[in-house]
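Shown next: work_16.txt, containing compact mmCIF, C-alpha atoms and all ligand atoms.
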```
# COMPACT_ATOMS: atom_id res chain seq x y z
CA MET A 1 25.45 6.47 11.29
CA THR A 2 22.39 4.89 9.67
CA SER A 3 21.23 6.07 6.24
CA ILE A 4 17.80 5.67 4.66
CA ALA A 5 17.23 4.10 1.26
CA THR A 6 14.25 3.30 -0.93
CA LEU A 7 13.30 2.47 -4.52
CA GLY A 8 12.76 5.41 -6.88
CA SER A 9 8.98 5.34 -7.35
CA HIS A 10 5.65 5.42 -5.42
CA CYS A 11 6.42 7.69 -2.41
CA ALA A 12 10.22 7.88 -2.59
CA LEU A 13 10.24 11.67 -2.59
CA GLN A 14 8.16 11.88 0.56
CA LEU A 15 10.27 9.20 2.30
CA LEU A 16 13.65 10.72 1.49
CA LYS A 17 12.57 14.31 2.18
CA GLY A 18 11.35 13.16 5.60
CA ALA A 19 14.62 11.31 6.19
CA LYS A 20 16.70 14.33 5.23
CA ASP A 21 14.62 16.60 7.49
CA GLU A 22 15.53 14.27 10.36
CA GLY A 23 19.22 14.49 9.47
CA PHE A 24 19.78 11.16 7.68
CA LYS A 25 21.90 10.52 4.61
CA THR A 26 19.53 9.44 1.81
CA LEU A 27 20.02 6.91 -0.98
CA LEU A 28 17.74 6.14 -3.90
CA ILE A 29 17.83 2.93 -5.92
CA CYS A 30 17.00 4.56 -9.22
CA GLU A 31 16.17 3.12 -12.63
CA LYS A 32 18.39 4.77 -15.22
CA LYS A 33 15.34 6.04 -17.12
CA ARG A 34 14.32 8.12 -14.08
CA GLN A 35 17.73 9.54 -13.20
CA LYS A 36 16.88 12.98 -14.58
CA LEU A 37 13.71 13.22 -12.52
CA TYR A 38 15.30 12.32 -9.21
CA GLU A 39 18.41 14.46 -9.74
CA ARG A 40 16.13 17.48 -9.43
CA PHE A 41 15.71 16.86 -5.69
CA LYS A 42 18.60 18.04 -3.56
CA PHE A 43 17.59 16.05 -0.49
CA ILE A 44 18.64 12.85 -2.27
CA ASP A 45 22.31 12.36 -1.44
CA GLU A 46 23.14 9.37 -3.60
CA LEU A 47 21.56 7.67 -6.60
CA VAL A 48 22.30 3.98 -7.01
CA LEU A 49 21.56 3.47 -10.70
CA VAL A 50 20.03 0.18 -11.84
CA ASP A 51 18.37 -1.19 -14.96
CA ALA A 52 15.64 -2.88 -12.90
CA PHE A 53 14.59 -2.71 -9.24
CA SER A 54 15.16 -6.44 -8.83
CA GLU A 55 18.88 -5.60 -8.74
CA VAL A 56 18.36 -4.51 -5.15
CA ILE A 57 19.18 -8.09 -4.13
CA ASP A 58 22.36 -8.20 -6.23
CA GLU A 59 25.85 -8.08 -4.75
CA ARG A 60 26.54 -4.54 -6.01
CA CYS A 61 23.46 -2.85 -4.50
CA ASP A 62 23.81 -4.90 -1.38
CA SER A 63 27.38 -3.80 -0.74
CA ILE A 64 26.55 -0.13 -1.37
CA LEU A 65 23.64 -0.33 1.08
CA GLN A 66 25.78 -2.18 3.62
CA LYS A 67 28.62 0.32 3.35
CA ASN A 68 26.11 3.08 4.09
CA ASN A 69 24.44 1.27 7.01
CA SER A 70 21.19 1.68 5.15
CA ILE A 71 17.70 0.82 6.26
CA LEU A 72 15.44 0.14 3.27
CA ILE A 73 11.89 1.51 3.42
CA PRO A 74 9.50 -0.79 1.51
CA HIS A 75 6.65 0.59 -0.57
CA GLY A 76 4.16 -0.57 -3.20
CA THR A 77 6.71 -0.78 -6.02
CA LEU A 78 8.83 -3.28 -4.09
CA ILE A 79 5.78 -5.51 -3.68
CA ALA A 80 4.55 -5.04 -7.23
CA GLN A 81 7.90 -5.84 -8.84
CA MET A 82 9.44 -8.48 -6.60
CA SER A 83 8.23 -11.84 -5.32
CA SER A 84 7.81 -12.50 -1.60
CA GLU A 85 10.85 -14.83 -1.77
CA GLN A 86 12.97 -12.09 -3.31
CA ILE A 87 11.83 -9.54 -0.72
CA GLU A 88 12.53 -11.94 2.14
CA SER A 89 16.02 -12.56 0.76
CA ILE A 90 17.02 -8.87 0.90
CA LYS A 91 19.95 -8.63 3.30
CA THR A 92 19.62 -4.91 4.04
CA PRO A 93 17.47 -4.33 7.15
CA ILE A 94 13.92 -3.42 6.12
CA PHE A 95 11.87 -0.95 8.15
CA GLY A 96 8.83 -2.62 9.71
CA ASN A 97 8.09 -6.31 9.21
CA LYS A 98 9.12 -7.75 5.83
CA ASN A 99 7.35 -11.04 6.60
CA ILE A 100 3.94 -9.39 6.58
CA LEU A 101 4.46 -8.23 2.99
CA ARG A 102 3.83 -11.82 1.87
CA TRP A 103 0.42 -11.60 3.58
CA GLU A 104 -0.32 -8.47 1.61
CA SER A 105 0.63 -10.05 -1.73
CA ASP A 106 -1.38 -13.25 -1.34
CA ARG A 107 -5.14 -12.65 -1.40
CA ASN A 108 -5.92 -15.75 0.67
CA LEU A 109 -3.44 -14.89 3.43
CA LYS A 110 -4.69 -11.34 3.26
CA GLN A 111 -8.28 -12.41 3.84
CA LYS A 112 -7.15 -14.64 6.73
CA LEU A 113 -5.42 -11.77 8.51
CA MET A 114 -8.41 -9.46 8.02
CA ASP A 115 -10.68 -12.17 9.45
CA GLU A 116 -8.35 -12.66 12.42
CA ALA A 117 -8.49 -8.90 13.00
CA ASN A 118 -12.29 -9.04 12.98
CA LEU A 119 -12.47 -6.57 10.13
CA PRO A 120 -15.81 -6.70 8.35
CA THR A 121 -15.00 -7.60 4.72
CA PRO A 122 -17.02 -8.12 1.53
CA LYS A 123 -17.60 -11.86 1.02
CA SER A 124 -15.17 -13.64 -1.25
CA VAL A 125 -16.72 -15.68 -4.04
CA SER A 126 -15.25 -19.18 -4.23
CA SER A 127 -15.43 -19.73 -7.99
CA PRO A 128 -16.84 -18.15 -11.16
CA SER A 129 -19.75 -20.62 -11.06
CA ALA A 130 -20.73 -19.20 -7.66
CA ILE A 131 -21.22 -15.67 -9.04
CA ASN A 132 -24.65 -14.51 -7.95
CA GLY A 133 -24.72 -10.70 -8.05
CA LEU A 134 -22.12 -8.06 -8.81
CA VAL A 135 -18.51 -9.16 -8.14
CA ILE A 136 -15.13 -7.57 -8.63
CA ALA A 137 -12.31 -9.73 -10.05
CA LYS A 138 -8.96 -8.64 -8.67
CA ARG A 139 -5.41 -9.63 -9.51
CA HIS A 140 -3.02 -10.79 -6.78
CA GLY A 141 -0.26 -8.50 -5.49
CA ALA A 142 -0.07 -4.72 -5.60
CA ALA A 143 -1.42 -4.46 -9.15
CA GLY A 144 -2.78 -0.98 -8.40
CA GLY A 145 -6.21 -1.97 -9.67
CA LYS A 146 -5.07 -2.36 -13.29
CA GLY A 147 -7.07 -5.04 -15.10
CA TYR A 148 -9.63 -5.45 -12.30
CA PHE A 149 -13.13 -5.88 -13.69
CA LEU A 150 -16.75 -6.24 -12.64
CA ALA A 151 -19.04 -9.11 -13.60
CA SER A 152 -22.61 -10.10 -12.77
CA SER A 153 -22.56 -13.61 -14.20
CA GLU A 154 -20.19 -16.45 -15.00
CA ASP A 155 -20.52 -15.76 -18.74
CA GLU A 156 -19.58 -12.14 -18.34
CA TYR A 157 -16.69 -13.16 -16.09
CA ASN A 158 -15.38 -15.70 -18.67
CA LYS A 159 -15.49 -13.15 -21.47
CA LYS A 160 -13.56 -10.56 -19.48
CA ARG A 161 -11.08 -13.09 -18.09
CA ASP A 162 -10.32 -14.31 -21.64
CA GLN A 163 -9.67 -10.75 -22.74
CA LEU A 164 -7.14 -10.26 -19.89
CA ILE A 165 -5.41 -13.52 -20.86
CA LYS A 166 -5.23 -12.28 -24.46
CA GLU A 167 -3.66 -9.03 -23.25
CA GLY A 168 -1.06 -11.04 -21.30
CA MET A 169 -2.12 -9.61 -17.92
CA ILE A 170 -3.10 -12.95 -16.38
CA LYS A 171 -2.59 -16.64 -17.14
CA GLY A 172 -5.93 -17.97 -15.90
CA ASP A 173 -8.56 -18.13 -13.15
CA SER A 174 -6.00 -18.69 -10.40
CA ASP A 175 -4.59 -15.19 -11.01
CA LEU A 176 -7.92 -13.65 -10.07
CA TYR A 177 -9.65 -13.25 -6.72
CA LEU A 178 -13.42 -12.76 -6.71
CA GLN A 179 -15.16 -10.63 -4.14
CA GLU A 180 -18.65 -9.18 -3.76
CA TYR A 181 -18.73 -5.60 -4.99
CA THR A 182 -19.61 -3.13 -2.23
CA SER A 183 -21.08 0.21 -3.18
CA GLY A 184 -20.59 3.36 -1.08
CA VAL A 185 -17.92 5.90 -0.12
CA LEU A 186 -14.43 4.50 -0.51
CA ALA A 187 -11.94 5.45 2.20
CA TYR A 188 -8.31 4.48 2.64
CA LEU A 189 -7.36 4.72 6.32
CA GLN A 190 -3.68 5.44 6.98
CA PHE A 191 -2.02 4.43 10.25
CA PHE A 192 1.39 4.28 11.89
CA TYR A 193 2.08 1.82 14.68
CA SER A 194 5.13 2.65 16.75
CA PRO A 195 6.86 -0.50 18.02
CA LEU A 196 8.90 1.72 20.35
CA LYS A 197 5.98 3.53 22.00
CA LYS A 198 3.58 0.62 21.41
CA GLU A 199 1.05 3.17 20.23
CA LEU A 200 -1.22 3.50 17.20
CA GLU A 201 -1.39 6.83 15.38
CA PHE A 202 -4.16 7.54 12.88
CA PHE A 203 -2.47 9.55 10.16
CA GLY A 204 -5.07 10.44 7.57
CA VAL A 205 -7.63 9.34 5.02
CA ASP A 206 -7.56 9.54 1.26
CA LYS A 207 -9.61 8.48 -1.68
CA ARG A 208 -8.23 7.13 -4.92
CA HIS A 209 -9.02 8.28 -8.40
CA GLU A 210 -9.10 5.19 -10.55
CA SER A 211 -9.24 4.98 -14.30
CA ASN A 212 -11.41 4.38 -16.14
CA ILE A 213 -14.08 3.41 -13.55
CA GLU A 214 -14.17 7.02 -12.33
CA GLY A 215 -15.02 8.31 -15.80
CA LEU A 216 -17.98 6.00 -16.14
CA ALA A 217 -20.37 8.21 -14.17
CA ARG A 218 -19.84 10.98 -16.74
CA ILE A 219 -21.21 8.82 -19.54
CA PRO A 220 -24.98 8.47 -20.00
CA ALA A 221 -26.28 4.91 -19.49
CA GLU A 222 -27.35 4.46 -23.10
CA ASN A 223 -23.79 5.16 -24.26
CA GLN A 224 -22.30 2.97 -21.54
CA LEU A 225 -24.32 0.05 -22.87
CA LYS A 226 -22.70 0.44 -26.28
CA MET A 227 -19.16 0.59 -24.90
CA GLU A 228 -16.74 -2.15 -25.90
CA LYS A 229 -14.00 -1.25 -23.42
CA PHE A 230 -14.06 -2.91 -19.99
CA THR A 231 -13.68 -0.94 -16.81
CA SER A 232 -10.41 -0.97 -14.93
CA PHE A 233 -9.40 0.38 -11.50
CA ASN A 234 -5.95 1.75 -12.29
CA VAL A 235 -4.95 4.27 -9.58
CA ILE A 236 -4.03 7.61 -11.11
CA ALA A 237 -4.15 10.04 -8.19
CA ASN A 238 -5.24 10.50 -4.58
CA SER A 239 -7.08 13.26 -2.78
CA PRO A 240 -7.71 13.96 0.91
CA LEU A 241 -10.79 13.10 2.93
CA VAL A 242 -11.89 13.85 6.47
CA LEU A 243 -14.32 11.51 8.17
CA ARG A 244 -17.35 12.31 10.28
CA GLU A 245 -15.93 12.56 13.77
CA SER A 246 -18.38 9.94 15.01
CA LEU A 247 -16.59 7.37 12.82
CA LEU A 248 -13.17 7.90 14.40
CA ASP A 249 -13.59 5.65 17.39
CA GLU A 250 -14.24 2.66 15.15
CA VAL A 251 -11.28 3.63 12.95
CA TYR A 252 -8.93 3.36 15.93
CA THR A 253 -10.54 0.09 17.01
CA MET A 254 -10.04 -1.42 13.54
CA GLY A 255 -6.42 -0.26 13.48
CA GLU A 256 -5.74 -1.71 16.93
CA ASN A 257 -7.42 -5.01 16.11
CA PHE A 258 -5.27 -5.26 13.01
CA VAL A 259 -2.09 -4.54 14.98
CA ASN A 260 -3.02 -7.17 17.60
CA ALA A 261 -3.87 -9.85 15.02
CA SER A 262 -0.63 -9.19 13.14
CA GLU A 263 1.45 -9.48 16.29
CA LYS A 264 -0.12 -12.86 16.96
CA HIS A 265 0.02 -14.31 13.45
CA VAL A 266 2.97 -12.57 11.75
CA PRO A 267 5.61 -11.69 14.35
CA PRO A 268 6.94 -9.13 15.08
CA GLY A 269 3.62 -7.66 13.92
CA MET A 270 2.39 -4.62 12.02
CA ASN A 271 5.21 -2.23 12.83
CA GLY A 272 5.33 1.13 11.04
CA PRO A 273 2.91 2.44 8.42
CA PHE A 274 -0.10 0.54 7.10
CA CYS A 275 -3.46 1.20 5.50
CA ILE A 276 -6.92 -0.35 5.78
CA GLU A 277 -8.90 0.15 2.60
CA GLY A 278 -12.62 -0.17 2.24
CA VAL A 279 -16.09 1.22 1.72
CA TYR A 280 -18.64 2.94 3.99
CA ASP A 281 -22.17 1.84 3.07
CA GLU A 282 -25.43 3.76 3.45
CA ASN A 283 -25.51 2.89 7.18
CA ALA A 284 -21.93 4.16 7.66
CA GLN A 285 -20.82 0.55 8.14
CA PHE A 286 -17.24 0.01 6.98
CA SER A 287 -16.29 -3.02 4.93
CA ALA A 288 -12.55 -3.56 4.37
CA PHE A 289 -11.62 -5.05 1.00
CA GLU A 290 -7.88 -4.71 1.41
CA PHE A 291 -4.92 -3.74 3.56
CA SER A 292 -1.44 -2.53 2.71
CA ALA A 293 1.21 -3.58 5.22
CA ARG A 294 3.54 -0.66 4.43
CA ILE A 295 3.36 3.00 3.46
CA VAL A 296 0.72 3.78 0.81
CA ALA A 297 1.07 6.40 -1.91
CA GLY A 298 -2.05 8.13 -0.57
CA THR A 299 0.16 9.54 2.21
CA ASN A 300 1.84 11.71 -0.47
CA ILE A 301 -1.09 14.12 -0.10
CA PHE A 302 -0.05 14.87 3.46
CA MET A 303 3.63 15.79 3.03
CA ASN A 304 2.93 18.77 5.24
CA GLY A 305 0.76 16.89 7.68
CA SER A 306 -2.93 15.96 7.66
CA PRO A 307 -5.85 17.18 9.81
CA TYR A 308 -5.23 14.12 12.00
CA THR A 309 -1.44 14.51 12.40
CA THR A 310 -2.12 18.11 13.48
CA LEU A 311 -3.98 16.65 16.45
CA ILE A 312 -1.04 14.46 17.49
CA PHE A 313 2.11 16.43 16.63
CA ASP A 314 3.07 20.07 17.16
CA GLU A 315 4.84 20.28 13.80
CA PRO A 316 3.81 19.40 10.24
CA ILE A 317 4.78 15.78 9.74
CA SER A 318 4.59 13.40 6.79
CA MET A 319 4.50 9.61 7.07
CA GLY A 320 8.03 9.63 5.64
CA ARG A 321 9.24 11.91 8.40
CA ARG A 322 7.40 9.86 11.03
CA ILE A 323 9.30 6.77 9.87
CA ALA A 324 12.59 8.67 10.04
CA LYS A 325 11.78 9.84 13.59
CA GLU A 326 11.12 6.25 14.68
CA ILE A 327 14.45 5.12 13.20
CA LYS A 328 16.24 8.04 14.84
CA GLU A 329 14.83 7.24 18.24
CA ALA A 330 15.58 3.54 17.84
CA GLU A 331 19.17 4.32 16.88
CA LEU A 332 19.57 6.63 19.86
CA ASN A 333 18.35 3.95 22.25
CA ASN A 334 20.13 1.06 20.57
CA GLN A 335 16.82 -0.47 19.46
CA LEU A 336 17.22 -0.62 15.69
CA LYS A 337 16.45 -4.35 15.82
CA ASP A 338 12.99 -3.51 17.19
CA VAL A 339 12.01 -1.42 14.17
CA THR A 340 13.49 -3.52 11.35
CA THR A 341 13.49 -7.10 10.06
P1 LIG B 401 -7.57 -3.35 -4.17
O1 LIG B 401 -6.42 -3.86 -5.00
O2 LIG B 401 -8.23 -4.44 -3.39
O3 LIG B 401 -7.16 -2.16 -3.33
O4 LIG B 401 -8.66 -2.81 -5.16
C1 LIG B 401 -8.43 -1.76 -6.09
C2 LIG B 401 -9.69 -0.95 -6.25
O5 LIG B 401 -10.79 -1.79 -6.61
C3 LIG B 401 -10.13 -0.27 -4.98
O6 LIG B 401 -9.44 0.94 -4.79
C4 LIG B 401 -11.61 -0.09 -5.19
O7 LIG B 401 -11.91 1.00 -6.04
C5 LIG B 401 -11.98 -1.32 -5.96
N1 LIG B 401 -12.47 -2.41 -5.07
C6 LIG B 401 -11.75 -3.45 -4.62
N2 LIG B 401 -12.51 -4.31 -3.91
C7 LIG B 401 -13.77 -3.80 -3.91
C8 LIG B 401 -15.01 -4.22 -3.37
N3 LIG B 401 -15.14 -5.38 -2.73
N4 LIG B 401 -16.11 -3.44 -3.56
C9 LIG B 401 -15.99 -2.28 -4.25
N5 LIG B 401 -14.84 -1.84 -4.80
C10 LIG B 401 -13.73 -2.58 -4.65
```

Represent the structure contained in this file as structure tokens.
Amino acid sequence: MTSIATLGSHCALQLLKGAKDEGFKTLLICEKKRQKLYERFKFIDELVLVDAFSEVIDERCDSILQKNNSILIPHGTLIAQMSSEQIESIKTPIFGNKNILRWESDRNLKQKLMDEANLPTPKSVSSPSAINGLVIAKRHGAAGGKGYFLASSEDEYNKKRDQLIKEGMIKGDSDLYLQEYTSGVLAYLQFFYSPLKKELEFFGVDKRHESNIEGLARIPAENQLKMEKFTSFNVIANSPLVLRESLLDEVYTMGENFVNASEKHVPPGMNGPFCIEGVYDENAQFSAFEFSARIVAGTNIFMNGSPYTTLIFDEPISMGRRIAKEIKEAELNNQLKDVTT
């Protein structure tokens, strides 16, 4: 019998609760410093204690996961803490498509896939000398927005880049990706694509609360001008959104285009959960600045279902539980190879 495993962070509680509700044995790769936290949750059957998550590729973790017939569910922490090479070398079957995670981590590949999917995106800015208007400088990988900054000129960019180098967050220009800043309502669109049913499900929308950019609007302009501290976009929390119903048709179209482009360029495609992240402008035009090719932490809001899952399922369902259901069905029909890589 298959078991379900994940790393102890990000959305592990949601994933393993969903797995337990579907009858799976659950394993958590858990950093020793978080043992006490995760022991509180009775739906976690086994803790595999490690000093660092990178041990997931070591012999010991590998043999425990193998013995338990585990499927590993990837999330943001896996991408943030391990290189694409390390992730691709994991022997345990990974739910979804582990090859697409490299496309998430590399900003240039990421932009290519979004272009192939015909997603409208803010323009990327080729170099600091090409800055001509407000840009956002972003770090590669799933940095969670930490250390991202805004700049309106090359000088301002250089000053802020040097500060990040001093703080040890980046080594130089090549660690930063420049993109036009788009102003509007930010929305993070959560989807699940079932490789078994070949169907796209729209799961929910969230917004992110990012520090300290979110606090800026509470400070009068004259005080802002005197501030020494740069803004950052460090995600602290998420809250739910519902969209105007007239926007839904385009949401499905964007999701389907993304699934089709992924199937073509990164086989076996965008199987399982993913998220398209962007901004609605004053004309309700969406511009996607990012995608996540795996479950996002914003789904933690909807552990009991979202307004949109209510329309598809007759029971409250989280993304974690949806994943477990897909694995269960695949196992029943001898199709586990179709839902893992
Ligand atoms: P990302 O790592 O691309 O998800 O970016 C982290 C955060 O930076 C987002 O949640 C947004 O708040 C902000 N952001 C990123 N790109 C843009 C953009 N082009 N325009 C406006 N805000 C952005």

| task | Please identify all polymer residues lying at most 10 Å from the point (-11.4, -6.9, -12.7) (file coordinates), using all atoms listed in the file, and present the result as a PyMOL selection string. | result | chain A and resi 135-139+145-151+157+160-161+164+176-178+230-233

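Within the 6 Å cut-off around stretch 127-132 of chain A, using only C-alpha atoms and omitting residues fewer than 2 positions from it on the same chain, the listed residues are A:Val125, A:Ser153, A:Glu154.
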
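With all atoms listed in the file taken into account, every residue lying no more than 12 Å from the file point (-10.9, 5.3, 14.4) is included here: Leu189, Gln190, Phe191, Leu200, Glu201, Phe202, Phe203, Gly204, Val205, Val242, Leu243, Arg244, Glu245, Ser246, Leu247, Leu248, Asp249, Glu250, Val251, Tyr252, Thr253, Met254, Gly255, Glu256, Asn257, Ile276, Phe286 and Tyr308 of chain A.
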
With C-alpha atoms retained, could you export that selection as a PDB file, in the coordinates of the input?
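New file out.pdb:
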```pdb
ATOM      1  CA  LEU A 189      -7.360   4.720   6.320  1.00  0.00           C
ATOM      2  CA  GLN A 190      -3.680   5.440   6.980  1.00  0.00           C
ATOM      3  CA  PHE A 191      -2.020   4.430  10.250  1.00  0.00           C
ATOM      4  CA  LEU A 200      -1.220   3.500  17.200  1.00  0.00           C
ATOM      5  CA  GLU A 201      -1.390   6.830  15.380  1.00  0.00           C
ATOM      6  CA  PHE A 202      -4.160   7.540  12.880  1.00  0.00           C
ATOM      7  CA  PHE A 203      -2.470   9.550  10.160  1.00  0.00           C
ATOM      8  CA  GLY A 204      -5.070  10.440   7.570  1.00  0.00           C
ATOM      9  CA  VAL A 205      -7.630   9.340   5.020  1.00  0.00           C
ATOM     10  CA  VAL A 242     -11.890  13.850   6.470  1.00  0.00           C
ATOM     11  CA  LEU A 243     -14.320  11.510   8.170  1.00  0.00           C
ATOM     12  CA  ARG A 244     -17.350  12.310  10.280  1.00  0.00           C
ATOM     13  CA  GLU A 245     -15.930  12.560  13.770  1.00  0.00           C
ATOM     14  CA  SER A 246     -18.380   9.940  15.010  1.00  0.00           C
ATOM     15  CA  LEU A 247     -16.590   7.370  12.820  1.00  0.00           C
ATOM     16  CA  LEU A 248     -13.170   7.900  14.400  1.00  0.00           C
ATOM     17  CA  ASP A 249     -13.590   5.650  17.390  1.00  0.00           C
ATOM     18  CA  GLU A 250     -14.240   2.660  15.150  1.00  0.00           C
ATOM     19  CA  VAL A 251     -11.280   3.630  12.950  1.00  0.00           C
ATOM     20  CA  TYR A 252      -8.930   3.360  15.930  1.00  0.00           C
ATOM     21  CA  THR A 253     -10.540   0.090  17.010  1.00  0.00           C
ATOM     22  CA  MET A 254     -10.040  -1.420  13.540  1.00  0.00           C
ATOM     23  CA  GLY A 255      -6.420  -0.260  13.480  1.00  0.00           C
ATOM     24  CA  GLU A 256      -5.740  -1.710  16.930  1.00  0.00           C
ATOM     25  CA  ASN A 257      -7.420  -5.010  16.110  1.00  0.00           C
ATOM     26  CA  ILE A 276      -6.920  -0.350   5.780  1.00  0.00           C
ATOM     27  CA  PHE A 286     -17.240   0.010   6.980  1.00  0.00           C
ATOM     28  CA  TYR A 308      -5.230  14.120  12.000  1.00  0.00           C
TER      29      TYR A 308
END
```

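Identified as lying at most 6 Å from ligand LIG 401 (chain B) when counting only C-alpha atoms and all ligand atoms are the residues Pro122, Gly144, Gly145, Gln179, Glu180, Tyr181, Thr182, Ser183, Phe233, Phe289 and Glu290 of chain A.
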
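Closest to A:Thr6 among A:Ile73, A:Ile44, A:Ala324, A:Ile57 is A:Ile73, based on all atoms listed in the file.
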
| query | Nearest to A:Arg40 among A:Ser105, A:Arg218, A:Ser287, A:Leu13, with distances taken over only C-alpha atoms: which residue is it? | reply | A:Leu13

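Nearest to A:Ile295 of all the residues A:Tyr188, A:Lys67, A:Thr2, A:Met114 is A:Tyr188, counting all atoms listed in the file.
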
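Counting all atoms listed in the file and comparing A:Glu214, A:Asp314, A:Asp58, A:Glu199, the residue that lies closest to A:Asn260 is A:Glu199.
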
| Quick one: residues within 12 Å of A:Thr341, all atoms listed in the file counted, chain neighbours fewer than 2 positions away excluded, as a PyMOL selection string? | chain A and resi 71-74+87-101+266-272+335-339

Skipping near chain neighbours, those fewer than 5 positions away, what residues fall within 8 Å of A:Val296 using all atoms listed in the file, listed as a compact mmCIF listing (two decimals) with C-alpha atoms, in the frame of the given file?
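The new file selection.txt reads:
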```txt
# COMPACT_ATOMS: atom_id res chain seq x y z
CA CYS A 11 6.42 7.69 -2.41
CA HIS A 75 6.65 0.59 -0.57
CA GLY A 76 4.16 -0.57 -3.20
CA GLN A 190 -3.68 5.44 6.98
CA PHE A 274 -0.10 0.54 7.10
CA CYS A 275 -3.46 1.20 5.50
```

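Atom CA of A:Ser211 to atom CA of A:Ala187 spans 16.7 Å [interatomic distance, one decimal].
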